[in-house]
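Engineer: This is the structure, below, for whatever I ask next.
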Amino acid sequence: MSRTLPVLINRSGGTAAALGDSLGEAVEKAFIDAGQEIALELVDGADMAAAVKRHLGAPRIAVGGGDGTLGCAAAVLANSPSALALLPLGTRNHLARQLGIPLDLAEAAKVAAGGQRRRIDLGVAGGRVFINNASFGIYTRFVRQRDG
């Protein structure tokens, strides 16, 4: 494969957090098996935008987390030459499901390492970029209650 792929993981995403201390090792193994050299960074969700900005200009940046994390990364990468490679490591992983990205980490790493590039639409609501849906009203209260 080509150059080293930056891989940025929100360590507090649903699936990522469930992997606990084995998260880094699991991600590294998945990419070794996919034949892709990586530069892995495990970051807090609040630091994801800054982490993505550090790698702007790379041909691809793999980001692991849920839809919120991926939306944050997409907002930074919009109108840049860098492609976003998805690693579904969140709770629901709606975007990955909609795009047909495997939910299995090893299979998702193969797609991130060599998958096809395609455009997706982004939306903006209340000044915030979203990628596949935006939630308002009582639903957001339910989610906060579930996650709290």
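By convention in this document, the chains of the structure tokens carry letters A, B, ... by their order, each chain's residues are numbered from 1, and ligands are numbered from 1 in the order they are shown.
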Near segment 30-38 of chain A, counting only C-alpha atoms, which residues have an atom at most 12 Å away, once you skip same-chain residues fewer than 2 positions from it, shown as a ChimeraX atom specification?
Structural biologist: /A:1-8,23-28,40-41,60-63,87,104-115
Engineer: Export N, CA and C atoms of the chosen residues as a compact mmCIF listing (two decimals), in the first residue's frame?
Structural biologist:
```
# COMPACT_ATOMS: atom_id res chain seq x y z
N MET A 1 0.84 -1.18 0.00
CA MET A 1 0.00 0.00 0.00
C MET A 1 0.88 1.24 0.00
N SER A 2 0.24 2.37 -0.17
CA SER A 2 0.98 3.62 -0.25
C SER A 2 1.35 4.14 1.13
N ARG A 3 1.41 5.42 1.26
CA ARG A 3 1.87 6.11 2.45
C ARG A 3 1.14 5.69 3.72
N THR A 4 1.72 6.16 4.81
CA THR A 4 1.14 5.90 6.13
C THR A 4 -0.20 6.61 6.23
N LEU A 5 -1.20 5.89 6.70
CA LEU A 5 -2.56 6.41 6.83
C LEU A 5 -2.77 6.94 8.25
N PRO A 6 -3.11 8.23 8.41
CA PRO A 6 -3.47 8.70 9.74
C PRO A 6 -4.79 8.04 10.18
N VAL A 7 -4.80 7.47 11.36
CA VAL A 7 -6.00 6.84 11.91
C VAL A 7 -6.28 7.49 13.25
N LEU A 8 -7.39 8.20 13.32
CA LEU A 8 -7.77 8.95 14.51
C LEU A 8 -9.01 8.31 15.10
N LEU A 23 -8.19 -1.38 22.66
CA LEU A 23 -8.57 -0.61 21.47
C LEU A 23 -7.41 -0.39 20.51
N GLY A 24 -6.31 0.16 20.98
CA GLY A 24 -5.18 0.44 20.11
C GLY A 24 -4.65 -0.79 19.43
N GLU A 25 -4.50 -1.86 20.20
CA GLU A 25 -4.00 -3.11 19.64
C GLU A 25 -4.95 -3.67 18.58
N ALA A 26 -6.25 -3.58 18.82
CA ALA A 26 -7.24 -4.09 17.86
C ALA A 26 -7.19 -3.31 16.56
N VAL A 27 -7.06 -2.00 16.65
CA VAL A 27 -7.00 -1.16 15.45
C VAL A 27 -5.71 -1.45 14.68
N GLU A 28 -4.60 -1.51 15.38
CA GLU A 28 -3.32 -1.79 14.71
C GLU A 28 -3.35 -3.14 14.01
N LEU A 40 -1.45 5.84 14.35
CA LEU A 40 -2.64 5.78 15.20
C LEU A 40 -2.62 6.83 16.29
N GLU A 41 -3.75 7.53 16.43
CA GLU A 41 -3.93 8.47 17.53
C GLU A 41 -5.26 8.16 18.20
N ARG A 60 -5.97 10.48 2.53
CA ARG A 60 -7.07 9.90 3.31
C ARG A 60 -6.76 10.06 4.78
N ILE A 61 -7.80 10.24 5.55
CA ILE A 61 -7.69 10.25 7.01
C ILE A 61 -8.78 9.32 7.51
N ALA A 62 -8.40 8.28 8.22
CA ALA A 62 -9.38 7.35 8.78
C ALA A 62 -9.78 7.85 10.16
N VAL A 63 -11.08 7.90 10.39
CA VAL A 63 -11.60 8.38 11.66
C VAL A 63 -12.54 7.32 12.21
N LEU A 87 -14.39 4.41 10.19
CA LEU A 87 -14.27 3.21 11.03
C LEU A 87 -15.43 3.27 12.00
N ASP A 104 -17.69 -4.71 11.27
CA ASP A 104 -16.54 -5.45 11.79
C ASP A 104 -15.28 -4.62 11.56
N LEU A 105 -14.48 -4.40 12.61
CA LEU A 105 -13.31 -3.54 12.51
C LEU A 105 -12.33 -4.02 11.44
N ALA A 106 -12.04 -5.29 11.39
CA ALA A 106 -11.09 -5.80 10.40
C ALA A 106 -11.56 -5.54 8.98
N GLU A 107 -12.84 -5.76 8.74
CA GLU A 107 -13.39 -5.52 7.39
C GLU A 107 -13.45 -4.03 7.07
N ALA A 108 -13.79 -3.21 8.07
CA ALA A 108 -13.83 -1.76 7.86
C ALA A 108 -12.42 -1.23 7.57
N ALA A 109 -11.41 -1.81 8.23
CA ALA A 109 -10.03 -1.39 7.98
C ALA A 109 -9.62 -1.69 6.54
N LYS A 110 -10.07 -2.80 6.00
CA LYS A 110 -9.78 -3.12 4.60
C LYS A 110 -10.38 -2.07 3.67
N VAL A 111 -11.60 -1.66 3.96
CA VAL A 111 -12.25 -0.63 3.15
C VAL A 111 -11.50 0.69 3.30
N ALA A 112 -11.13 1.05 4.53
CA ALA A 112 -10.40 2.29 4.77
C ALA A 112 -9.06 2.29 4.05
N ALA A 113 -8.42 1.14 3.99
CA ALA A 113 -7.10 1.03 3.36
C ALA A 113 -7.18 1.09 1.84
N GLY A 114 -8.24 0.58 1.26
CA GLY A 114 -8.25 0.52 -0.20
C GLY A 114 -9.59 0.72 -0.86
N GLY A 115 -10.55 1.23 -0.11
CA GLY A 115 -11.89 1.41 -0.67
C GLY A 115 -11.98 2.53 -1.68
```
Engineer: As a ChimeraX atom specification, list the residues of chain A assigned to strand (DSSP E or B) by DSSP on the backbone atoms of this structure.
Structural biologist: /A:5-10,38-43,60-65,83-88,123-125,128-130
Engineer: Please report, as a ChimeraX atom specification, each residue of chain A to which DSSP assigns alpha helix (DSSP H) when run on this structure's backbone.
Structural biologist: /A:14-19,23-33,48-54,67-77,94-99,105-114,138-147
Engineer: As a list in words, please: the residues near Gly13 of chain A (cut-off 7 Å, only C-alpha atoms, same-chain neighbours under 5 positions excluded).
Structural biologist: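 Result of the neighbour search: Gly65, Gly66, Leu89, Gly90 and Thr91 of chain A.
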Engineer: Please provide the set of residues having any atom within 8 Å of Ile131 of chain A, restricted to only C-alpha atoms, with same-chain residues fewer than 6 positions apart removed, written as a compact mmCIF listing (two decimals) with C-alpha atoms, in the first residue's frame.
Structural biologist:
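Final file, selection_11.txt:
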```txt
# COMPACT_ATOMS: atom_id res chain seq x y z
CA ASP A 67 -21.91 9.63 13.77
CA LEU A 70 -17.62 11.40 11.84
CA GLY A 71 -19.70 14.56 11.39
CA ALA A 74 -16.45 15.70 7.82
CA LEU A 95 -23.68 6.57 8.49
CA ASP A 121 -23.86 15.28 0.99
CA LEU A 122 -23.39 17.32 4.13
CA GLY A 123 -26.05 19.43 5.76
```
Engineer: Between A:Leu42, A:Ala134, A:Leu86, A:Ala73, which residue has the minimum interatomic distance to Ser22 of chain A, considering only C-alpha atoms?
Structural biologist: A:Leu42
Engineer: So how far away is atom CA of Arg11 of chain A from atom CA of Ile120 of chain A, in Å?
Structural biologist: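 About the pair atom CA of Ile120 of chain A and atom CA of Arg11 of chain A: they are 25.0 Å apart.
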Engineer: Work out how far apart atom CA of Arg92 of chain A and atom CA of Thr15 of chain A are and give it in Å to one decimal.
Structural biologist: 9.0 Å
Engineer: If we count only C-alpha atoms, what is near Leu56 of chain A at a cut-off of 9 Å, once residues fewer than 2 positions away on the same chain are taken out, given as number ranges by chain?
Structural biologist: A: 52-54, 58-61, 76-77, 80-82
Engineer: Store the residues picked out above, limited to all heavy atoms, as a CSV table (one decimal), in the first residue's frame.
Structural biologist:
```
chain,number,residue,atom,x,y,z
A,52,VAL,N,-7.9,16.1,13.3
A,52,VAL,CA,-8.1,16.0,11.9
A,52,VAL,C,-7.4,17.2,11.2
A,52,VAL,O,-6.8,17.0,10.2
A,52,VAL,CB,-9.7,16.1,11.6
A,52,VAL,CG1,-9.9,16.1,10.1
A,52,VAL,CG2,-10.3,14.8,12.1
A,53,LYS,N,-7.5,18.4,11.7
A,53,LYS,CA,-6.8,19.6,11.1
A,53,LYS,C,-5.3,19.3,11.0
A,53,LYS,O,-4.7,19.8,10.0
A,53,LYS,CB,-7.1,20.8,12.0
A,53,LYS,CG,-8.5,21.4,11.8
A,53,LYS,CD,-8.7,22.6,12.7
A,53,LYS,CE,-10.2,23.0,12.6
A,53,LYS,NZ,-10.5,24.1,13.5
A,54,ARG,N,-4.7,18.6,11.9
A,54,ARG,CA,-3.3,18.4,11.9
A,54,ARG,C,-2.9,17.5,10.7
A,54,ARG,O,-1.7,17.5,10.2
A,54,ARG,CB,-2.8,17.6,13.1
A,54,ARG,CG,-2.6,18.5,14.3
A,54,ARG,CD,-1.8,17.8,15.4
A,54,ARG,NE,-2.3,16.5,15.9
A,54,ARG,CZ,-3.2,16.3,16.8
A,54,ARG,NH1,-3.8,17.3,17.4
A,54,ARG,NH2,-3.6,15.1,17.1
A,58,ALA,N,-3.5,15.2,3.8
A,58,ALA,CA,-3.2,13.7,3.6
A,58,ALA,C,-4.3,13.2,2.6
A,58,ALA,O,-5.4,13.7,2.6
A,58,ALA,CB,-3.3,12.9,4.9
A,59,PRO,N,-3.9,12.3,1.7
A,59,PRO,CA,-4.9,11.8,0.7
A,59,PRO,C,-6.2,11.2,1.4
A,59,PRO,O,-7.3,11.4,0.9
A,59,PRO,CB,-4.2,10.7,0.0
A,59,PRO,CG,-2.7,11.0,0.2
A,59,PRO,CD,-2.6,11.6,1.5
A,60,ARG,N,-6.0,10.5,2.5
A,60,ARG,CA,-7.1,9.9,3.3
A,60,ARG,C,-6.8,10.1,4.8
A,60,ARG,O,-5.6,10.0,5.2
A,60,ARG,CB,-7.2,8.4,3.0
A,60,ARG,CG,-8.0,8.0,1.8
A,60,ARG,CD,-8.0,6.5,1.6
A,60,ARG,NE,-6.6,6.1,1.3
A,60,ARG,CZ,-6.0,5.1,1.9
A,60,ARG,NH1,-6.6,4.3,2.7
A,60,ARG,NH2,-4.7,4.8,1.7
A,61,ILE,N,-7.8,10.2,5.6
A,61,ILE,CA,-7.7,10.2,7.0
A,61,ILE,C,-8.8,9.3,7.5
A,61,ILE,O,-10.0,9.5,7.2
A,61,ILE,CB,-7.9,11.7,7.6
A,61,ILE,CG1,-6.8,12.6,7.0
A,61,ILE,CG2,-7.8,11.6,9.1
A,61,ILE,CD1,-7.1,14.1,7.3
A,76,VAL,N,-14.5,19.4,9.1
A,76,VAL,CA,-13.2,19.8,9.0
A,76,VAL,C,-12.7,19.5,7.5
A,76,VAL,O,-12.0,20.4,6.9
A,76,VAL,CB,-12.2,19.2,10.0
A,76,VAL,CG1,-10.8,19.6,9.7
A,76,VAL,CG2,-12.6,19.6,11.4
A,77,LEU,N,-13.0,18.4,7.0
A,77,LEU,CA,-12.5,17.9,5.7
A,77,LEU,C,-13.3,18.5,4.5
A,77,LEU,O,-12.8,18.4,3.4
A,77,LEU,CB,-12.5,16.4,5.7
A,77,LEU,CG,-11.5,15.8,6.7
A,77,LEU,CD1,-11.6,14.3,6.6
A,77,LEU,CD2,-10.1,16.2,6.4
A,80,SER,N,-11.8,20.1,1.2
A,80,SER,CA,-10.4,19.9,1.2
A,80,SER,C,-10.1,18.7,0.3
A,80,SER,O,-11.0,18.0,-0.1
A,80,SER,CB,-9.9,19.5,2.7
A,80,SER,OG,-10.1,18.2,3.0
A,81,PRO,N,-8.8,18.5,0.0
A,81,PRO,CA,-8.5,17.3,-0.9
A,81,PRO,C,-8.5,16.0,-0.2
A,81,PRO,O,-8.4,15.0,-0.8
A,81,PRO,CB,-7.1,17.7,-1.5
A,81,PRO,CG,-6.5,18.6,-0.4
A,81,PRO,CD,-7.7,19.4,0.2
A,82,SER,N,-8.6,16.0,1.2
A,82,SER,CA,-8.5,14.8,2.0
A,82,SER,C,-9.8,14.1,2.0
A,82,SER,O,-10.8,14.7,2.2
A,82,SER,CB,-8.0,15.1,3.4
A,82,SER,OG,-6.8,15.8,3.4
```
Engineer: Please report the interatomic distance between atom CA of Ala49 of chain A and atom CA of Val124 of chain A in Å with one decimal.
Structural biologist: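 Atom CA of Val124 of chain A lies at a distance of 16.6 Å from atom CA of Ala49 of chain A.
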